[in-house]
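Source file: entry_7.tsv (TSV, N, CA and C atoms)
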```tsv
chain	number	residue	atom	x	y	z
B	830	MET	N	-11.16	56.52	-0.93
B	830	MET	CA	-10.06	57.23	-1.53
B	830	MET	C	-9.53	56.42	-2.72
B	831	SER	N	-9.28	57.07	-3.82
B	831	SER	CA	-8.83	56.34	-5.01
B	831	SER	C	-7.30	56.28	-5.05
B	832	GLU	N	-6.81	55.30	-5.82
B	832	GLU	CA	-5.36	55.14	-5.96
B	832	GLU	C	-4.80	56.26	-6.82
B	833	PRO	N	-3.57	56.68	-6.56
B	833	PRO	CA	-2.94	57.67	-7.44
B	833	PRO	C	-2.82	57.10	-8.85
B	834	ALA	N	-2.88	57.95	-9.84
B	834	ALA	CA	-2.85	57.51	-11.23
B	834	ALA	C	-1.52	56.87	-11.62
B	835	THR	N	-0.50	57.01	-10.79
B	835	THR	CA	0.80	56.44	-11.12
B	835	THR	C	0.93	54.99	-10.66
B	836	GLU	N	0.02	54.52	-9.83
B	836	GLU	CA	0.09	53.13	-9.33
B	836	GLU	C	-0.28	52.17	-10.45
B	837	PRO	N	0.49	51.08	-10.60
B	837	PRO	CA	0.10	50.08	-11.59
B	837	PRO	C	-1.21	49.42	-11.18
B	838	LEU	N	-2.02	49.12	-12.17
B	838	LEU	CA	-3.30	48.47	-11.93
B	838	LEU	C	-3.13	46.96	-12.03
B	839	SER	N	-4.05	46.25	-11.40
B	839	SER	CA	-4.02	44.80	-11.50
B	839	SER	C	-5.41	44.26	-11.73
B	840	VAL	N	-5.45	43.08	-12.34
B	840	VAL	CA	-6.70	42.34	-12.53
B	840	VAL	C	-6.59	41.12	-11.63
B	841	ILE	N	-7.61	40.90	-10.82
B	841	ILE	CA	-7.64	39.75	-9.92
B	841	ILE	C	-8.92	38.97	-10.20
B	842	VAL	N	-8.76	37.66	-10.37
B	842	VAL	CA	-9.91	36.78	-10.52
B	842	VAL	C	-9.73	35.66	-9.51
B	843	GLU	N	-10.78	35.38	-8.75
B	843	GLU	CA	-10.74	34.32	-7.74
B	843	GLU	C	-11.96	33.43	-7.90
B	844	ARG	N	-11.74	32.15	-7.69
B	844	ARG	CA	-12.83	31.17	-7.78
B	844	ARG	C	-12.60	30.05	-6.78
B	845	GLU	N	-13.70	29.51	-6.27
B	845	GLU	CA	-13.67	28.25	-5.54
B	845	GLU	C	-13.93	27.17	-6.58
B	846	ILE	N	-12.99	26.24	-6.71
B	846	ILE	CA	-13.09	25.21	-7.74
B	846	ILE	C	-13.14	23.85	-7.04
B	847	PRO	N	-14.13	23.01	-7.38
B	847	PRO	CA	-14.30	21.73	-6.67
B	847	PRO	C	-13.35	20.63	-7.14
B	848	HIS	N	-12.07	20.95	-7.21
B	848	HIS	CA	-11.03	19.99	-7.58
B	848	HIS	C	-9.82	20.22	-6.69
B	849	PRO	N	-9.05	19.18	-6.44
B	849	PRO	CA	-7.87	19.34	-5.58
B	849	PRO	C	-6.79	20.19	-6.26
B	850	PRO	N	-5.94	20.85	-5.46
B	850	PRO	CA	-4.87	21.68	-6.03
B	850	PRO	C	-4.01	20.94	-7.05
B	851	GLU	N	-3.74	19.65	-6.82
B	851	GLU	CA	-2.87	18.89	-7.72
B	851	GLU	C	-3.45	18.83	-9.14
B	852	LYS	N	-4.77	18.69	-9.24
B	852	LYS	CA	-5.40	18.62	-10.56
B	852	LYS	C	-5.33	19.97	-11.26
B	853	ILE	N	-5.59	21.04	-10.51
B	853	ILE	CA	-5.52	22.38	-11.09
B	853	ILE	C	-4.08	22.71	-11.47
B	854	TRP	N	-3.14	22.32	-10.62
B	854	TRP	CA	-1.72	22.56	-10.90
B	854	TRP	C	-1.31	21.95	-12.24
B	855	ARG	N	-1.76	20.74	-12.50
B	855	ARG	CA	-1.45	20.10	-13.78
B	855	ARG	C	-1.98	20.94	-14.94
B	856	ALA	N	-3.20	21.44	-14.80
B	856	ALA	CA	-3.80	22.26	-15.87
B	856	ALA	C	-3.05	23.58	-16.06
B	857	LEU	N	-2.39	24.07	-15.00
B	857	LEU	CA	-1.63	25.32	-15.08
B	857	LEU	C	-0.21	25.12	-15.59
B	858	THR	N	0.30	23.88	-15.55
B	858	THR	CA	1.73	23.68	-15.81
B	858	THR	C	2.07	22.66	-16.89
B	859	GLN	N	1.11	21.95	-17.43
B	859	GLN	CA	1.41	20.99	-18.50
B	859	GLN	C	0.99	21.60	-19.84
B	860	PRO	N	1.95	21.76	-20.76
B	860	PRO	CA	1.68	22.49	-22.00
B	860	PRO	C	0.44	22.03	-22.77
B	861	HIS	N	0.24	20.72	-22.90
B	861	HIS	CA	-0.93	20.25	-23.66
B	861	HIS	C	-2.23	20.56	-22.93
B	862	LEU	N	-2.18	20.69	-21.61
B	862	LEU	CA	-3.38	21.06	-20.85
B	862	LEU	C	-3.60	22.56	-20.88
B	863	ILE	N	-2.53	23.35	-20.79
B	863	ILE	CA	-2.64	24.81	-20.88
B	863	ILE	C	-3.31	25.20	-22.20
B	864	GLU	N	-2.94	24.47	-23.26
B	864	GLU	CA	-3.52	24.76	-24.57
B	864	GLU	C	-5.04	24.53	-24.59
B	865	GLU	N	-5.51	23.60	-23.77
B	865	GLU	CA	-6.95	23.31	-23.72
B	865	GLU	C	-7.79	24.48	-23.24
B	866	TRP	N	-7.24	25.31	-22.34
B	866	TRP	CA	-8.07	26.37	-21.74
B	866	TRP	C	-7.51	27.78	-21.93
B	867	LEU	N	-6.21	27.90	-22.27
B	867	LEU	CA	-5.62	29.24	-22.38
B	867	LEU	C	-5.13	29.50	-23.80
B	868	MET	N	-3.93	29.02	-24.14
B	868	MET	CA	-3.36	29.24	-25.47
B	868	MET	C	-2.31	28.18	-25.76
B	869	LYS	N	-1.94	28.09	-27.05
B	869	LYS	CA	-0.80	27.26	-27.43
B	869	LYS	C	0.43	27.82	-26.73
B	870	ASN	N	1.41	26.94	-26.42
B	870	ASN	CA	2.52	27.40	-25.59
B	870	ASN	C	3.68	26.42	-25.65
B	871	ASP	N	4.80	26.85	-25.08
B	871	ASP	CA	5.95	25.96	-24.90
B	871	ASP	C	6.42	26.07	-23.45
B	872	PHE	N	5.47	26.04	-22.55
B	872	PHE	CA	5.72	26.18	-21.11
B	872	PHE	C	6.47	24.97	-20.54
B	873	LYS	N	7.35	25.24	-19.59
B	873	LYS	CA	7.96	24.19	-18.77
B	873	LYS	C	7.96	24.71	-17.35
B	874	PRO	N	7.56	23.88	-16.39
B	874	PRO	CA	7.53	24.33	-14.99
B	874	PRO	C	8.93	24.35	-14.38
B	875	ALA	N	9.74	25.32	-14.82
B	875	ALA	CA	11.12	25.43	-14.35
B	875	ALA	C	11.47	26.90	-14.15
B	876	MET	N	12.16	27.20	-13.07
B	876	MET	CA	12.56	28.58	-12.77
B	876	MET	C	13.30	29.20	-13.96
B	877	ASN	N	12.95	30.44	-14.26
B	877	ASN	CA	13.56	31.25	-15.31
B	877	ASN	C	13.31	30.75	-16.74
B	878	HIS	N	12.52	29.69	-16.91
B	878	HIS	CA	12.21	29.20	-18.26
B	878	HIS	C	11.47	30.29	-19.03
B	879	ARG	N	11.96	30.59	-20.23
B	879	ARG	CA	11.29	31.54	-21.12
B	879	ARG	C	10.36	30.75	-22.04
B	880	PHE	N	9.14	31.24	-22.17
B	880	PHE	CA	8.16	30.57	-23.02
B	880	PHE	C	7.25	31.60	-23.64
B	881	ASN	N	6.44	31.16	-24.58
B	881	ASN	CA	5.44	32.08	-25.11
B	881	ASN	C	4.09	31.39	-25.21
B	882	LEU	N	3.08	32.24	-25.19
B	882	LEU	CA	1.70	31.83	-25.37
B	882	LEU	C	1.28	32.41	-26.72
B	883	ARG	N	0.60	31.61	-27.54
B	883	ARG	CA	0.27	32.04	-28.88
B	883	ARG	C	-1.24	31.98	-29.12
B	884	ALA	N	-1.76	33.09	-29.65
B	884	ALA	CA	-3.18	33.17	-29.99
B	884	ALA	C	-3.31	33.81	-31.37
B	885	ASP	N	-4.52	33.88	-31.89
B	885	ASP	CA	-4.76	34.49	-33.19
B	885	ASP	C	-4.31	35.95	-33.22
B	886	TRP	N	-4.44	36.62	-32.09
B	886	TRP	CA	-4.12	38.06	-32.03
B	886	TRP	C	-2.64	38.34	-31.82
B	887	GLY	N	-1.84	37.31	-31.51
B	887	GLY	CA	-0.41	37.55	-31.32
B	887	GLY	C	0.21	36.62	-30.30
B	888	THR	N	1.38	37.03	-29.81
B	888	THR	CA	2.18	36.21	-28.92
B	888	THR	C	2.43	36.94	-27.61
B	889	VAL	N	2.44	36.19	-26.52
B	889	VAL	CA	2.79	36.71	-25.20
B	889	VAL	C	4.13	36.10	-24.82
B	890	ASP	N	5.11	36.96	-24.54
B	890	ASP	CA	6.42	36.50	-24.09
B	890	ASP	C	6.42	36.41	-22.58
B	891	CYS	N	6.87	35.27	-22.05
B	891	CYS	CA	6.78	35.02	-20.62
B	891	CYS	C	8.09	34.42	-20.10
B	892	GLN	N	8.28	34.54	-18.79
B	892	GLN	CA	9.38	33.88	-18.11
B	892	GLN	C	8.92	33.51	-16.71
B	893	VAL	N	9.20	32.26	-16.32
B	893	VAL	CA	8.80	31.78	-15.00
B	893	VAL	C	9.62	32.51	-13.93
B	894	LEU	N	8.92	33.09	-12.95
B	894	LEU	CA	9.56	33.84	-11.86
B	894	LEU	C	9.55	33.06	-10.56
B	895	ALA	N	8.48	32.30	-10.32
B	895	ALA	CA	8.35	31.55	-9.06
B	895	ALA	C	7.52	30.31	-9.33
B	896	ILE	N	7.91	29.24	-8.66
B	896	ILE	CA	7.17	28.00	-8.83
B	896	ILE	C	7.27	27.19	-7.55
B	897	GLU	N	6.11	26.96	-6.94
B	897	GLU	CA	6.01	26.13	-5.75
B	897	GLU	C	4.88	25.15	-6.02
B	898	PRO	N	5.21	23.90	-6.39
B	898	PRO	CA	4.20	22.96	-6.86
B	898	PRO	C	2.95	22.90	-5.98
B	899	ASN	N	1.81	22.95	-6.68
B	899	ASN	CA	0.47	22.88	-6.08
B	899	ASN	C	0.12	24.08	-5.21
B	900	LYS	N	0.96	25.13	-5.23
B	900	LYS	CA	0.70	26.32	-4.39
B	900	LYS	C	0.79	27.63	-5.15
B	901	THR	N	1.92	27.89	-5.83
B	901	THR	CA	2.14	29.19	-6.46
B	901	THR	C	2.87	29.05	-7.78
B	902	LEU	N	2.43	29.81	-8.76
B	902	LEU	CA	3.10	29.90	-10.04
B	902	LEU	C	3.06	31.37	-10.46
B	903	SER	N	4.22	31.91	-10.82
B	903	SER	CA	4.29	33.31	-11.23
B	903	SER	C	5.18	33.42	-12.47
B	904	TYR	N	4.71	34.23	-13.44
B	904	TYR	CA	5.51	34.45	-14.65
B	904	TYR	C	5.24	35.83	-15.22
B	905	THR	N	6.25	36.34	-15.95
B	905	THR	CA	6.05	37.61	-16.63
B	905	THR	C	5.08	37.40	-17.78
B	906	TRP	N	4.44	38.49	-18.19
B	906	TRP	CA	3.46	38.47	-19.29
B	906	TRP	C	3.71	39.73	-20.09
B	907	GLY	N	4.40	39.57	-21.21
B	907	GLY	CA	4.73	40.73	-22.03
B	907	GLY	C	4.11	40.61	-23.41
B	908	ALA	N	3.26	41.59	-23.75
B	908	ALA	CA	2.61	41.58	-25.06
B	908	ALA	C	2.10	42.98	-25.38
B	909	LEU	N	2.29	43.38	-26.61
B	909	LEU	CA	1.73	44.64	-27.11
B	909	LEU	C	2.08	45.82	-26.19
B	910	GLY	N	3.33	45.87	-25.74
B	910	GLY	CA	3.78	46.97	-24.89
B	910	GLY	C	3.49	46.79	-23.41
B	911	LEU	N	2.81	45.74	-23.06
B	911	LEU	CA	2.49	45.49	-21.65
B	911	LEU	C	3.56	44.62	-21.02
B	912	GLU	N	4.09	45.07	-19.89
B	912	GLU	CA	5.03	44.27	-19.10
B	912	GLU	C	4.38	44.05	-17.75
B	913	SER	N	3.87	42.85	-17.53
B	913	SER	CA	3.15	42.56	-16.29
B	913	SER	C	3.59	41.22	-15.73
B	914	VAL	N	3.04	40.89	-14.57
B	914	VAL	CA	3.34	39.62	-13.92
B	914	VAL	C	2.02	38.94	-13.56
B	915	VAL	N	1.90	37.67	-13.93
B	915	VAL	CA	0.74	36.86	-13.60
B	915	VAL	C	1.14	35.91	-12.47
B	916	THR	N	0.35	35.92	-11.40
B	916	THR	CA	0.62	35.04	-10.27
B	916	THR	C	-0.63	34.23	-9.96
B	917	TRP	N	-0.45	32.92	-9.93
B	917	TRP	CA	-1.52	31.98	-9.57
B	917	TRP	C	-1.24	31.50	-8.16
B	918	THR	N	-2.28	31.49	-7.31
B	918	THR	CA	-2.17	30.98	-5.95
B	918	THR	C	-3.27	29.95	-5.74
B	919	LEU	N	-2.88	28.76	-5.30
B	919	LEU	CA	-3.81	27.67	-5.04
B	919	LEU	C	-3.83	27.41	-3.54
B	920	THR	N	-5.02	27.48	-2.95
B	920	THR	CA	-5.18	27.23	-1.53
B	920	THR	C	-6.21	26.13	-1.34
B	921	PRO	N	-5.82	25.01	-0.71
B	921	PRO	CA	-6.79	23.92	-0.50
B	921	PRO	C	-7.94	24.39	0.40
B	922	THR	N	-9.13	23.91	0.08
B	922	THR	CA	-10.31	24.16	0.91
B	922	THR	C	-10.96	22.81	1.21
B	923	ARG	N	-11.99	22.83	2.03
B	923	ARG	CA	-12.68	21.57	2.35
B	923	ARG	C	-13.33	20.95	1.12
B	924	THR	N	-13.72	21.79	0.16
B	924	THR	CA	-14.44	21.28	-1.01
B	924	THR	C	-13.63	21.32	-2.29
B	925	GLY	N	-12.35	21.68	-2.22
B	925	GLY	CA	-11.53	21.75	-3.42
B	925	GLY	C	-10.39	22.72	-3.27
B	926	THR	N	-10.42	23.78	-4.08
B	926	THR	CA	-9.31	24.73	-4.12
B	926	THR	C	-9.83	26.14	-4.33
B	927	HIS	N	-9.25	27.07	-3.59
B	927	HIS	CA	-9.47	28.49	-3.86
B	927	HIS	C	-8.36	28.89	-4.83
B	928	LEU	N	-8.73	29.26	-6.06
B	928	LEU	CA	-7.76	29.64	-7.08
B	928	LEU	C	-7.82	31.15	-7.26
B	929	ARG	N	-6.65	31.77	-7.15
B	929	ARG	CA	-6.54	33.23	-7.31
B	929	ARG	C	-5.50	33.52	-8.38
B	930	MET	N	-5.87	34.40	-9.31
B	930	MET	CA	-4.96	34.85	-10.35
B	930	MET	C	-4.89	36.37	-10.26
B	931	GLN	N	-3.68	36.89	-10.21
B	931	GLN	CA	-3.49	38.34	-10.24
B	931	GLN	C	-2.54	38.67	-11.38
B	932	GLN	N	-2.94	39.59	-12.22
B	932	GLN	CA	-2.06	40.13	-13.25
B	932	GLN	C	-1.79	41.58	-12.86
B	933	LEU	N	-0.55	41.86	-12.49
B	933	LEU	CA	-0.15	43.16	-11.98
B	933	LEU	C	0.81	43.83	-12.95
B	934	GLY	N	0.62	45.14	-13.15
B	934	GLY	CA	1.58	45.88	-13.94
B	934	GLY	C	1.00	46.72	-15.05
B	935	PHE	N	-0.31	46.93	-15.06
B	935	PHE	CA	-0.91	47.79	-16.08
B	935	PHE	C	-0.68	49.24	-15.71
B	936	ARG	N	-0.01	49.98	-16.59
B	936	ARG	CA	0.17	51.41	-16.36
B	936	ARG	C	-1.16	52.12	-16.62
B	937	PRO	N	-1.35	53.28	-16.01
B	937	PRO	CA	-2.60	54.02	-16.23
B	937	PRO	C	-2.89	54.32	-17.70
B	938	ASP	N	-1.84	54.43	-18.54
B	938	ASP	CA	-2.05	54.71	-19.96
B	938	ASP	C	-2.33	53.44	-20.78
B	939	GLN	N	-2.46	52.30	-20.10
B	939	GLN	CA	-2.72	51.04	-20.80
B	939	GLN	C	-4.15	50.57	-20.55
B	940	LYS	N	-5.08	51.48	-20.70
B	940	LYS	CA	-6.49	51.18	-20.42
B	940	LYS	C	-7.02	50.05	-21.30
B	941	GLN	N	-6.62	50.02	-22.57
B	941	GLN	CA	-7.13	48.99	-23.47
B	941	GLN	C	-6.64	47.61	-23.02
B	942	ALA	N	-5.37	47.50	-22.68
B	942	ALA	CA	-4.83	46.21	-22.21
B	942	ALA	C	-5.50	45.82	-20.89
B	943	TYR	N	-5.69	46.79	-20.01
B	943	TYR	CA	-6.33	46.53	-18.72
B	943	TYR	C	-7.76	46.03	-18.91
B	944	GLN	N	-8.51	46.72	-19.76
B	944	GLN	CA	-9.90	46.31	-20.02
B	944	GLN	C	-9.92	44.94	-20.69
B	945	GLY	N	-8.97	44.69	-21.59
B	945	GLY	CA	-8.90	43.38	-22.25
B	945	GLY	C	-8.67	42.27	-21.24
B	946	ALA	N	-7.78	42.53	-20.27
B	946	ALA	CA	-7.51	41.52	-19.24
B	946	ALA	C	-8.73	41.33	-18.34
B	947	LYS	N	-9.40	42.42	-17.98
B	947	LYS	CA	-10.60	42.31	-17.14
B	947	LYS	C	-11.68	41.50	-17.83
B	948	PHE	N	-11.74	41.60	-19.15
B	948	PHE	CA	-12.71	40.84	-19.93
B	948	PHE	C	-12.21	39.41	-20.17
B	949	GLY	N	-10.92	39.26	-20.48
B	949	GLY	CA	-10.38	37.98	-20.90
B	949	GLY	C	-10.19	36.96	-19.80
B	950	TRP	N	-9.66	37.38	-18.64
B	950	TRP	CA	-9.36	36.40	-17.60
B	950	TRP	C	-10.59	35.65	-17.09
B	951	PRO	N	-11.73	36.30	-16.86
B	951	PRO	CA	-12.90	35.51	-16.46
B	951	PRO	C	-13.29	34.46	-17.52
B	952	ARG	N	-13.08	34.78	-18.79
B	952	ARG	CA	-13.36	33.79	-19.84
B	952	ARG	C	-12.37	32.64	-19.77
B	953	PHE	N	-11.07	32.94	-19.53
B	953	PHE	CA	-10.08	31.88	-19.38
B	953	PHE	C	-10.42	31.00	-18.18
B	954	PHE	N	-10.86	31.64	-17.09
B	954	PHE	CA	-11.25	30.87	-15.90
B	954	PHE	C	-12.42	29.94	-16.23
B	955	ALA	N	-13.40	30.44	-16.96
B	955	ALA	CA	-14.54	29.60	-17.35
B	955	ALA	C	-14.06	28.42	-18.20
B	956	ASN	N	-13.14	28.69	-19.14
B	956	ASN	CA	-12.57	27.60	-19.94
B	956	ASN	C	-11.86	26.59	-19.06
B	957	LEU	N	-11.09	27.08	-18.08
B	957	LEU	CA	-10.36	26.20	-17.16
B	957	LEU	C	-11.33	25.34	-16.36
B	958	GLU	N	-12.39	25.96	-15.83
B	958	GLU	CA	-13.36	25.20	-15.04
B	958	GLU	C	-14.06	24.14	-15.89
B	959	GLN	N	-14.40	24.47	-17.12
B	959	GLN	CA	-15.03	23.49	-18.02
B	959	GLN	C	-14.06	22.36	-18.33
B	960	PHE	N	-12.80	22.70	-18.58
B	960	PHE	CA	-11.79	21.70	-18.85
B	960	PHE	C	-11.63	20.76	-17.66
B	961	LEU	N	-11.50	21.33	-16.46
B	961	LEU	CA	-11.32	20.50	-15.26
B	961	LEU	C	-12.51	19.58	-15.03
B	962	ALA	N	-13.71	20.06	-15.34
B	962	ALA	CA	-14.92	19.26	-15.12
B	962	ALA	C	-14.94	18.03	-16.01
B	963	ARG	N	-14.34	18.13	-17.20
B	963	ARG	CA	-14.38	16.98	-18.11
B	963	ARG	C	-13.08	16.18	-18.10
B	964	ALA	N	-12.04	16.69	-17.46
B	964	ALA	CA	-10.74	15.98	-17.43
B	964	ALA	C	-10.78	14.88	-16.38
B	965	ASP	N	-10.04	13.84	-16.62
B	965	ASP	CA	-9.97	12.73	-15.66
B	965	ASP	C	-9.14	13.11	-14.45
```
As structure tokens, the full file:
Amino acid sequence: MSEPATEPLSVIVEREIPHPPEKIWRALTQPHLIEEWLMKNDFKPAMNHRFNLRADWGTVDCQVLAIEPNKTLSYTWGALGLESVVTWTLTPTRTGTHLRMQQLGFRPDQKQAYQGAKFGWPRFFANLEQFLARAD
């Protein structure tokens, strides 16, 4: 059975990453590290902090919604008419970390943004994994 067309769509990407949650957390929350794999930014790991992510195509306006060190990070993601929420969940495993990212809030009429996220997030994850592999 398919979802009703009025339900917001989400993009979910999950990976098993052979690094501890603390190392991944740093890459998700330190501005100079975020820039290495995602975009230029003025992020601070603080509740309600407003920040933006900057790329050649434009700016993403964000605000921190939830932060639980080494476990959960959630922030709004607003760009080009899209109002969504990105949530990162880090779960320790025997060999590293299960990393899950969900971007929720794509309206059915936002097919281009939804397809862009489905294409873009796996690339960001690949960048993150490459960064983590070479980072100390």
For B:Thr926, please output as a list in words all residues within 7 Å (counting all atoms listed in the file; exclusion window: fewer than 2 positions along the same chain).
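Here the qualifying residues turn out to be Arg844, Glu845, Ile846, Pro847, His848, Pro849, Pro850, Leu919, Thr920, Pro921, Thr922, Arg923, Thr924 and Leu928 of chain B.
The closest residue to B:Val842, picked from B:Lys940, B:Lys947, B:Arg929, B:Arg952 and counting all atoms listed in the file, is B:Arg929.
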So, counting only C-alpha atoms, which residue among B:Glu897, B:Asp890, B:Asp938, B:Glu958 is closest to B:Pro874?
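Nearest candidate to B:Pro874 out of B:Glu897, B:Asp890, B:Asp938, B:Glu958: B:Glu897.
Note that the spacing between atom CA of B:Thr858 and atom N of B:Val889 amounts to 16.5 Å.
Counting all atoms listed in the file and comparing B:Trp917, B:Glu865, B:Trp854, B:Gly945, the residue that lies closest to B:Phe960 is B:Glu865.
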Taking the chain letters and numbering used in this document, name the residues of chain B that DSSP puts in alpha helix (DSSP H), as a VMD selection string.
chain B and resid 850 to 858 860 to 866 940 to 963
By how many Å are atom N of B:Arg855 and atom CA of B:Gly910 apart?
29.5 Å
Stretch 892-894 of chain B: which residues within 5 Å, counting all atoms listed in the file, same-chain residues fewer than 2 positions away excluded, as a list in words?
Met876, Asn877, His878, Arg879, Phe880, Asp890, Ile896, Ser903, Tyr904 and Thr905 of chain B
Please indicate the distance in Å from atom CA of B:Pro898 to atom CA of B:Ala955, rounded to one decimal place.
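These two atoms are separated by 22.5 Å.
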Contact table stretch 860-928 of chain B vs stretch 934-937 of chain B, cut-off 8 Å, shortest pair per residue, only C-alpha atoms, as JSON lines:
```
{"residue": "B:Leu911", "atom": "CA", "partner": "B:Phe935", "partner_atom": "CA", "distance": 6.9}
{"residue": "B:Glu912", "atom": "CA", "partner": "B:Gly934", "partner_atom": "CA", "distance": 6.4}
{"residue": "B:Ser913", "atom": "CA", "partner": "B:Gly934", "partner_atom": "CA", "distance": 4.4}
{"residue": "B:Val914", "atom": "CA", "partner": "B:Gly934", "partner_atom": "CA", "distance": 6.5}
```
Between B:Gly949, B:Ala908, B:Val840, B:Leu961, which is the closest to B:Gly887 once you count only N, CA and C atoms?
B:Ala908
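Minimum distance to B:Pro837 across B:Lys869, B:Leu933, B:Pro951, B:Gln944 (counting only N, CA and C atoms) occurs at B:Leu933.
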